[in-house]
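Q: If you scroll down you'll find the structure; I have some questions about it.
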Amino acid sequence: MTDHLSPLDAAFLEVEDEEPEVSMAIASIAIMEGPPPSREELVEATRRRLPLVPLYRQKARQVPFDLGAPVLVDDPDFDLDRHIRHVCVAEPGDDAALCERIGEIMSRRLDRERPLWEYWLLDGLSGGRWALVSKVHHCLVGGVSGANLYYVLFDLSPDGDGRQAPLDAYVPDPGPSTSRLIVDAVRDLLLNPIEQLRMIGEALRTPRATAQRIADTGRGLLTLAGSLGPASRSTLNGPIGERRRYAVARASLTEMKQAARQASASLNDVALSAITGAFRSLLLQRGEEPDPHAMRTAVPVSVRAAGDEGVCTNRISVMLAFLPVHLADPGERLQAVHAHLTELKASMEAQACEAMTTLARHEPFPPVSWATRLLARLPQRSVVTVTTNVPGPPVSLYLLGRRALEIFPYVPIIARLRTGVSIFSYCDQVAFGVTGDYDSAPEVERFACAIEEELGKLVRSAAA
């Protein structure tokens with residue numbers, strides 16, 4: 001059976017088609033103990049685990065005329081050597097040099113003619129360390145499923161964990177012909193009314209639950225509609241180019257949890273509060289007034305069912321939240337963030353977005369695709385940034401007998417978003433990856449330092 005992308009996954013490809021300056025690849029950067037392996041060692045280690053990740057040998061293929069969602073097909077010319085690169089970072093191999101190299105790597109789009117992923121072995125880090133950059137297109141994995149790949153490709157002990165990949169007798173499937181794709185897509189379009197009737201029948205069998213879902217979705221859509229008004233004008237929103245900057249901030253997971261407990265808030269509230277303080281500092285440094293409606297962020301929310309962490313598709317919804325950059329006191333900001341997010345969760349906004357993406361799976365694909373492309377062309381002014389938060393492995397991971405010391409996340413920016421922040425936990429460390437447009441957001445390193453300063457204030461306040 002042909003493996004079609006979901007409408008949400010397909011949208012990440014279509015955004016690239018409509019925005020030539022955008023790369024929709026996500027990434028994580030594992031900082032490893034030395035000594036660094038050779039490229040050949042990394043290639044061989046990856047080859048042994050490839051059978052566990054079939055999509056790493058599949059490429060996305062468009063259905064003619066957008067009659068159906070893109071399909072994943074085996075790459076008949078798959079060559080692992082093309083997906084693993086080995087480069088050095090500039091001396092002295094510190095965080096600045098590492099982040100500069102990551103910005104260069106993530107500025108480039110992945111080749112659509114090949115499976116949409118790359119590994120980059122970065123040599124030359126100070127202290128004999130090295131880094132592995134895992135770069136994957138967002139149409140293939142999301143934050144949670146991307147984090148789960150670490151359990152597939154890494155070991156839980158320096159001597160390995162005894163897992164054996166299945167025997168690799170890989171023979172690429174030739175995949176459907178162009179005519180077959182067209183015939184199947186037309187058939188699905190003709191059968192879609194039957195699918196709609198089936199859905200209606202299922203809904204009518206549980207009228208009370210259906211009525212509740214409709215009411216909750218309607219309430220959430222009203223909240224979402226109110227969140228789509230333009231944010232206050234600032235230099236944080238506007239056209240972006242192709243090049244990216246990157247910086248990273250670090251924090252103790254234990255200390256952040258203590259600060260959250262002290263304030264009766266969540267870990268995510270603490271993280272967003274620190275990011276809010278950093279944006280406030282950035283606006284003030286640029287000579288702009290931190291307006292209460294200047295910073296609306298998209299907050300992705302995982303709607304992945306328990307046990308589906310290993311399913312490599314995007315199962316996310318979103319909330320649109322204002323960050324209270326107008327508040328000077330860190331404690332007041334934290335309480336405001338907590339109250340606002342609690343209100344948004346009660347409004348069913350995320351559930352409404354999830355209902356829309358679920359409904360799109362059962363709609364004819366062409367109008368869904370056309371709507372996505374139209375929205376990508378519009379100069380949106382509602383959302384100014386994106387802030388993602390993904391829990392990573394709580395235990396140490398190993399590759400080729402070397403331990404992963406830290407793991408940093410990377411989130412792409414699109415649609416006039418000049419800055420994005422991704423949050424990722426590993427063992428007892430939380431890393432904040434800051435993505436910025438190269439020309440319009442040059443202060444990413446200063447911004448990352450401001451996040452650490454804001455977290456320090458919250459931690460000290462909790463300790464006191």
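Lettering and numbering for the structure tokens are positional, with chains as A, B, ... in the shown order, residues counted from 1 in each chain, and ligands counted from 1 in the shown order.
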Taking the backbone alone, and naming residues the way the document does, which bits of range 257-461 of chain A are strand (DSSP E or B) by DSSP, as an mmCIF file with C-alpha atoms, in the first residue's frame?
A:
```
data_model
loop_
_atom_site.group_PDB
_atom_site.id
_atom_site.type_symbol
_atom_site.label_atom_id
_atom_site.label_comp_id
_atom_site.auth_asym_id
_atom_site.auth_seq_id
_atom_site.Cartn_x
_atom_site.Cartn_y
_atom_site.Cartn_z
ATOM 1 C CA ARG A 296 2.366 36.222 20.362
ATOM 2 C CA THR A 297 4.025 32.804 20.204
ATOM 3 C CA ALA A 298 2.931 29.540 18.667
ATOM 4 C CA VAL A 299 3.225 26.822 21.311
ATOM 5 C CA PRO A 300 3.085 23.360 19.701
ATOM 6 C CA VAL A 301 1.238 20.787 21.809
ATOM 7 C CA SER A 302 1.756 17.054 21.360
ATOM 8 C CA ILE A 316 0.747 18.068 17.162
ATOM 9 C CA SER A 317 -1.709 20.854 17.771
ATOM 10 C CA VAL A 318 -0.937 24.444 18.724
ATOM 11 C CA MET A 319 -1.857 27.189 21.159
ATOM 12 C CA LEU A 320 -1.321 30.866 20.374
ATOM 13 C CA ALA A 321 -0.232 32.710 23.501
ATOM 14 C CA PHE A 322 0.833 36.275 24.247
ATOM 15 C CA THR A 385 7.800 33.572 17.357
ATOM 16 C CA VAL A 386 7.552 29.846 18.040
ATOM 17 C CA THR A 387 8.516 28.104 21.295
ATOM 18 C CA THR A 388 8.670 24.311 21.373
ATOM 19 C CA ASN A 389 9.299 22.124 24.403
ATOM 20 C CA VAL A 390 10.166 18.427 24.030
ATOM 21 C CA TYR A 398 26.116 6.393 24.049
ATOM 22 C CA LEU A 399 27.296 6.158 20.455
ATOM 23 C CA ARG A 402 31.177 7.611 23.673
ATOM 24 C CA ARG A 403 28.733 9.299 26.017
ATOM 25 C CA ALA A 404 26.453 12.126 24.927
ATOM 26 C CA LEU A 405 27.289 15.016 27.263
ATOM 27 C CA GLU A 406 24.588 17.432 26.082
ATOM 28 C CA ILE A 407 21.835 17.571 23.459
ATOM 29 C CA PHE A 408 20.737 20.862 21.890
ATOM 30 C CA PRO A 409 17.537 21.340 19.828
ATOM 31 C CA TYR A 410 16.936 23.376 16.670
ATOM 32 C CA LEU A 417 9.119 34.703 12.313
ATOM 33 C CA THR A 419 13.310 34.177 16.004
ATOM 34 C CA GLY A 420 12.358 30.756 17.349
ATOM 35 C CA VAL A 421 13.217 28.921 20.559
ATOM 36 C CA SER A 422 13.270 25.158 21.112
ATOM 37 C CA ILE A 423 13.591 23.525 24.545
ATOM 38 C CA PHE A 424 14.936 20.025 25.104
ATOM 39 C CA SER A 425 15.779 18.116 28.282
ATOM 40 C CA TYR A 426 18.484 15.479 28.605
ATOM 41 C CA GLN A 429 20.042 19.551 31.771
ATOM 42 C CA VAL A 430 17.606 21.687 29.834
ATOM 43 C CA ALA A 431 18.910 23.231 26.623
ATOM 44 C CA PHE A 432 17.339 26.213 24.860
ATOM 45 C CA GLY A 433 18.182 26.378 21.155
ATOM 46 C CA VAL A 434 17.697 29.875 19.694
ATOM 47 C CA THR A 435 17.200 30.162 15.932
ATOM 48 C CA GLY A 436 17.434 33.587 14.325
ATOM 49 C CA ASP A 437 17.293 35.067 10.869
#
```
Q: From a DSSP pass on the backbone, collect the residues of range 199-247 of chain A flagged as helix (DSSP H, G or I) and hand them back as a list in words.
A: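 So the helix (DSSP H, G or I) residues in range 199-247 of chain A would be Met199, Ile200, Gly201, Glu202, Ala203, Leu204, Arg205, Pro207, Arg208, Ala209, Thr210, Ala211, Gln212, Arg213, Ile214, Ala215, Asp216, Thr217, Gly218, Arg219, Gly220, Leu221, Leu222, Thr223, Leu224, Ala225 and Gly226 of chain A.
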Q: Pick the closest to Pro442 in chain A from A:Glu21, A:Leu359, A:Tyr170, A:Arg418: which is it, counting only C-alpha atoms?
A: A:Arg418
Q: Can you tell me how far CA of Asn148 in chain A sits from CA of Ala25 in chain A, in Å to one decimal?
A: 16.8 Å
Q: Measuring atom to atom with only C-alpha atoms, identify which of A:Val325, A:Cys88, A:Leu132, A:Ile102 is nearest to Gly277 in chain A.
A: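 Going through A:Val325, A:Cys88, A:Leu132, A:Ile102 one by one, the smallest distance to Gly277 in chain A is for A:Val325.
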Q: Hey, what's within 8 Å of Gly128 in chain A if we count only C-alpha atoms and toss same-chain stuff fewer than 5 positions away? As a PyMOL selection string, please?
A: chain A and resi 33-36
Q: I want to know what sits within 8 Å of Glu349 in chain A, based on only C-alpha atoms, with residues of the same chain fewer than 6 positions away left out; could you give that as a list in words?
A: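 Residues near the query, excluding close chain neighbours: Thr217, Arg219, Gly220, Leu221, Thr223, Leu224, Val318 and Met319 of chain A.
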Q: Could you give me, as an MDAnalysis selection string, the residues within 8 Å of Lys59 in chain A, counting only C-alpha atoms and dropping anything in the same chain fewer than 2 positions from it?
A: chainID A and resid 55 57 61 72:75 112:116
Q: May I have the residues from that selection written out with N, CA and C atoms, as a PDB file, in the first residue's frame?
A:
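Below you can see result.pdb, which holds the result:
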```pdb
ATOM      1  N   LEU A  55      12.137   4.877   7.151  1.00  0.00           N
ATOM      2  CA  LEU A  55      11.936   6.124   6.414  1.00  0.00           C
ATOM      3  C   LEU A  55      13.262   6.795   6.052  1.00  0.00           C
ATOM      4  N   ARG A  57      15.404   5.511   4.335  1.00  0.00           N
ATOM      5  CA  ARG A  57      15.722   5.087   2.972  1.00  0.00           C
ATOM      6  C   ARG A  57      14.566   5.373   2.013  1.00  0.00           C
ATOM      7  N   ARG A  61       7.608  11.801  -2.663  1.00  0.00           N
ATOM      8  CA  ARG A  61       7.282  11.927  -4.090  1.00  0.00           C
ATOM      9  C   ARG A  61       5.937  12.612  -4.232  1.00  0.00           C
ATOM     10  N   LEU A  72       5.628   8.432   0.427  1.00  0.00           N
ATOM     11  CA  LEU A  72       6.985   8.009   0.734  1.00  0.00           C
ATOM     12  C   LEU A  72       7.276   6.731  -0.032  1.00  0.00           C
ATOM     13  N   VAL A  73       8.328   6.762  -0.838  1.00  0.00           N
ATOM     14  CA  VAL A  73       8.703   5.599  -1.642  1.00  0.00           C
ATOM     15  C   VAL A  73      10.174   5.287  -1.404  1.00  0.00           C
ATOM     16  N   ASP A  74      10.528   4.034  -1.553  1.00  0.00           N
ATOM     17  CA  ASP A  74      11.927   3.635  -1.410  1.00  0.00           C
ATOM     18  C   ASP A  74      12.783   4.333  -2.461  1.00  0.00           C
ATOM     19  N   ASP A  75      13.957   4.791  -2.030  1.00  0.00           N
ATOM     20  CA  ASP A  75      14.903   5.424  -2.948  1.00  0.00           C
ATOM     21  C   ASP A  75      15.707   4.325  -3.647  1.00  0.00           C
ATOM     22  N   ARG A 112      15.490  17.252  -2.119  1.00  0.00           N
ATOM     23  CA  ARG A 112      14.218  16.548  -2.280  1.00  0.00           C
ATOM     24  C   ARG A 112      14.353  15.270  -3.110  1.00  0.00           C
ATOM     25  N   GLU A 113      15.447  15.123  -3.839  1.00  0.00           N
ATOM     26  CA  GLU A 113      15.636  13.928  -4.664  1.00  0.00           C
ATOM     27  C   GLU A 113      16.175  12.753  -3.855  1.00  0.00           C
ATOM     28  N   ARG A 114      16.411  12.967  -2.566  1.00  0.00           N
ATOM     29  CA  ARG A 114      16.955  11.921  -1.707  1.00  0.00           C
ATOM     30  C   ARG A 114      16.106  11.827  -0.439  1.00  0.00           C
ATOM     31  N   PRO A 115      16.285  10.776   0.369  1.00  0.00           N
ATOM     32  CA  PRO A 115      15.647  10.765   1.688  1.00  0.00           C
ATOM     33  C   PRO A 115      16.026  12.013   2.477  1.00  0.00           C
ATOM     34  N   LEU A 116      15.060  12.568   3.182  1.00  0.00           N
ATOM     35  CA  LEU A 116      15.193  13.919   3.732  1.00  0.00           C
ATOM     36  C   LEU A 116      15.824  13.918   5.121  1.00  0.00           C
TER      37      LEU A 116
END
```
Q: Tell me, as a compact mmCIF listing (two decimals) with C-alpha atoms, in the first residue's frame, which residues lie within 12 Å of Glu100 in chain A, counting only C-alpha atoms; anything in the same chain fewer than 2 positions away does not count.
A:
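See around-v1.txt below for the written result:
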```
# COMPACT_ATOMS: atom_id res chain seq x y z
CA CYS A 88 35.43 20.73 11.44
CA VAL A 89 34.41 23.74 13.49
CA ALA A 90 36.66 26.77 13.54
CA GLU A 91 39.17 27.28 16.32
CA GLY A 93 36.10 25.02 19.03
CA ASP A 94 33.95 26.77 21.65
CA ASP A 95 30.17 27.29 21.72
CA ALA A 96 30.39 30.28 19.38
CA ALA A 97 32.29 28.30 16.75
CA LEU A 98 29.93 25.33 17.11
CA ILE A 102 25.18 24.79 12.99
CA GLY A 103 23.72 27.99 11.55
CA GLU A 104 25.48 27.24 8.25
CA ILE A 105 24.28 23.62 8.19
CA MET A 106 20.67 24.49 8.95
CA SER A 107 20.55 27.29 6.37
CA LEU A 122 31.52 17.96 13.70
CA ARG A 243 20.65 32.24 6.28
CA ARG A 244 20.30 31.35 9.96
CA ARG A 245 22.06 32.12 13.22
CA TYR A 246 22.04 29.79 16.22
CA ALA A 247 22.82 30.03 19.92
CA VAL A 248 22.21 27.88 22.98
CA THR A 435 17.20 30.16 15.93
CA GLY A 436 17.43 33.59 14.33
CA TYR A 438 20.87 35.97 9.97
CA PRO A 442 21.85 39.12 14.91
CA VAL A 444 20.86 35.41 19.22
CA GLU A 445 23.89 34.88 21.47
```
Q: Which neighbours of range 252-260 of chain A fall inside 12 Å, counting only C-alpha atoms, when residues of the same chain fewer than 3 positions from it are skipped, and could you give them as a PyMOL selection string?
A: chain A and resi 249+263-274+330-331+334-335+337-338+391-392+394+406+423-432+452+454-464
Q: Output N, CA and C atoms of each residue in that selection to a file, as a CSV table (one decimal), in the first residue's frame.
A:
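File written: selection-v5.csv
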```
chain,number,residue,atom,x,y,z
A,249,ALA,N,21.3,28.1,25.2
A,249,ALA,CA,21.3,28.4,26.6
A,249,ALA,C,21.1,27.1,27.4
A,263,ALA,N,6.4,28.2,42.6
A,263,ALA,CA,5.4,29.1,42.0
A,263,ALA,C,4.0,28.4,41.7
A,264,SER,N,3.9,27.1,42.0
A,264,SER,CA,2.7,26.4,41.7
A,264,SER,C,2.4,26.5,40.2
A,265,ALA,N,3.5,26.4,39.4
A,265,ALA,CA,3.4,26.4,37.9
A,265,ALA,C,4.0,25.2,37.3
A,266,SER,N,4.0,25.1,36.0
A,266,SER,CA,4.6,24.0,35.3
A,266,SER,C,6.0,24.3,34.9
A,267,LEU,N,6.8,23.3,34.5
A,267,LEU,CA,8.1,23.5,34.0
A,267,LEU,C,8.0,24.3,32.7
A,268,ASN,N,7.0,24.1,31.9
A,268,ASN,CA,6.9,24.8,30.6
A,268,ASN,C,6.6,26.3,31.0
A,269,ASP,N,5.9,26.6,32.0
A,269,ASP,CA,5.6,28.0,32.4
A,269,ASP,C,6.9,28.7,32.8
A,270,VAL,N,7.8,28.0,33.5
A,270,VAL,CA,9.1,28.6,33.9
A,270,VAL,C,9.9,28.9,32.6
A,271,ALA,N,10.0,27.9,31.7
A,271,ALA,CA,10.7,28.1,30.5
A,271,ALA,C,10.2,29.3,29.7
A,272,LEU,N,8.9,29.3,29.5
A,272,LEU,CA,8.3,30.4,28.7
A,272,LEU,C,8.5,31.8,29.4
A,273,SER,N,8.5,31.8,30.7
A,273,SER,CA,8.7,33.0,31.5
A,273,SER,C,10.1,33.6,31.2
A,274,ALA,N,11.1,32.7,31.3
A,274,ALA,CA,12.5,33.1,31.0
A,274,ALA,C,12.6,33.6,29.6
A,330,PRO,N,10.2,39.4,37.2
A,330,PRO,CA,10.2,38.0,36.8
A,330,PRO,C,9.1,37.1,37.4
A,331,GLY,N,8.9,37.4,38.7
A,331,GLY,CA,7.8,36.6,39.4
A,331,GLY,C,6.4,36.9,38.8
A,334,LEU,N,6.1,35.2,35.5
A,334,LEU,CA,5.8,33.7,35.6
A,334,LEU,C,4.3,33.5,35.9
A,335,GLN,N,3.8,34.3,36.9
A,335,GLN,CA,2.4,34.1,37.2
A,335,GLN,C,1.5,34.4,36.1
A,337,VAL,N,2.2,34.2,32.8
A,337,VAL,CA,2.4,33.1,31.8
A,337,VAL,C,1.5,31.9,32.3
A,338,HIS,N,1.6,31.5,33.5
A,338,HIS,CA,0.9,30.4,34.1
A,338,HIS,C,-0.6,30.6,33.9
A,391,PRO,N,10.4,16.8,25.9
A,391,PRO,CA,11.2,16.1,26.9
A,391,PRO,C,12.1,15.1,26.2
A,392,GLY,N,13.3,15.1,26.5
A,392,GLY,CA,14.3,14.2,25.9
A,392,GLY,C,14.6,13.0,26.8
A,394,PRO,N,15.9,10.8,29.7
A,394,PRO,CA,16.3,11.2,31.1
A,394,PRO,C,17.6,10.4,31.5
A,406,GLU,N,25.7,16.5,26.2
A,406,GLU,CA,24.6,17.4,26.1
A,406,GLU,C,23.9,17.2,24.8
A,423,ILE,N,13.2,23.9,23.2
A,423,ILE,CA,13.6,23.5,24.5
A,423,ILE,C,13.7,22.0,24.6
A,424,PHE,N,14.7,21.5,25.1
A,424,PHE,CA,14.9,20.0,25.1
A,424,PHE,C,15.7,19.6,26.4
A,425,SER,N,15.1,18.6,27.0
A,425,SER,CA,15.8,18.1,28.3
A,425,SER,C,16.5,16.8,28.0
A,426,TYR,N,17.7,16.7,28.7
A,426,TYR,CA,18.5,15.5,28.6
A,426,TYR,C,19.2,15.3,29.9
A,427,CYS,N,18.9,14.1,30.6
A,427,CYS,CA,19.4,13.9,31.9
A,427,CYS,C,19.0,15.0,32.8
A,428,ASP,N,19.9,15.7,33.5
A,428,ASP,CA,19.4,16.8,34.4
A,428,ASP,C,19.7,18.2,33.7
A,429,GLN,N,19.8,18.3,32.4
A,429,GLN,CA,20.0,19.6,31.8
A,429,GLN,C,18.9,19.9,30.8
A,430,VAL,N,18.6,21.2,30.8
A,430,VAL,CA,17.6,21.7,29.8
A,430,VAL,C,18.4,22.6,28.9
A,431,ALA,N,18.2,22.4,27.6
A,431,ALA,CA,18.9,23.2,26.6
A,431,ALA,C,17.9,24.0,25.9
A,432,PHE,N,18.2,25.3,25.6
A,432,PHE,CA,17.3,26.2,24.9
A,432,PHE,C,18.1,26.5,23.6
A,452,GLU,N,19.3,32.5,30.2
A,452,GLU,CA,20.0,32.0,31.4
A,452,GLU,C,19.9,33.0,32.6
A,454,GLU,N,17.5,35.1,33.1
A,454,GLU,CA,16.1,35.1,33.6
A,454,GLU,C,15.8,33.9,34.4
A,455,LEU,N,16.3,32.7,34.0
A,455,LEU,CA,16.2,31.5,34.7
A,455,LEU,C,16.9,31.6,36.1
A,456,GLY,N,18.1,32.2,36.1
A,456,GLY,CA,18.8,32.4,37.4
A,456,GLY,C,18.0,33.2,38.4
A,457,LYS,N,17.3,34.2,37.9
A,457,LYS,CA,16.5,35.0,38.8
A,457,LYS,C,15.3,34.2,39.4
A,458,LEU,N,14.7,33.4,38.5
A,458,LEU,CA,13.6,32.6,39.0
A,458,LEU,C,14.1,31.5,40.0
A,459,VAL,N,15.2,30.9,39.7
A,459,VAL,CA,15.8,29.9,40.6
A,459,VAL,C,16.1,30.5,42.0
A,460,ARG,N,16.8,31.7,41.9
A,460,ARG,CA,17.2,32.3,43.2
A,460,ARG,C,16.0,32.7,44.0
A,461,SER,N,14.9,33.2,43.3
A,461,SER,CA,13.7,33.6,44.0
A,461,SER,C,13.1,32.4,44.7
A,462,ALA,N,13.1,31.2,44.0
A,462,ALA,CA,12.5,30.0,44.6
A,462,ALA,C,13.3,29.6,45.8
A,463,ALA,N,14.6,29.6,45.6
A,463,ALA,CA,15.5,29.2,46.7
A,463,ALA,C,15.3,30.1,48.0
A,464,ALA,N,15.1,31.4,47.7
A,464,ALA,CA,14.9,32.3,48.8
A,464,ALA,C,13.6,32.1,49.6
```
Q: Please report the interatomic distance between CA of Ala225 in chain A and CA of Met348 in chain A in Å with one decimal.
A: 12.4 Å
Q: Go ahead and compute the interatomic distance for CA of Ala69 in chain A and CA of Pro412 in chain A, in Å to one decimal.
A: 22.4 Å
Q: Which is closer to Ala27 in chain A than all the others in A:Leu323, A:Val141, A:Leu52, A:Ile240, using only C-alpha atoms?
A: A:Val141
Q: Please determine, counting only C-alpha atoms, which residue among A:Pro76, A:Pro92, A:Pro193, A:Gly241 has the shortest atom-to-atom distance to Asp173 in chain A.
A: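 Of A:Pro76, A:Pro92, A:Pro193, A:Gly241, the one nearest Asp173 in chain A is A:Pro76, counting only C-alpha atoms.
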Q: Ranking A:Trp120, A:Ser23, A:Leu156, A:Leu5 by minimum distance to Gly401 in chain A and counting only C-alpha atoms, which one comes first?
A: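 Result for the nearest residue to Gly401 in chain A: A:Leu156.
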Q: Identify which of the residues A:Arg129, A:Arg250, A:Arg48, A:His326 lies closest to Ile451 in chain A, counting only C-alpha atoms when measuring atom-to-atom distances.
A: A:Arg250
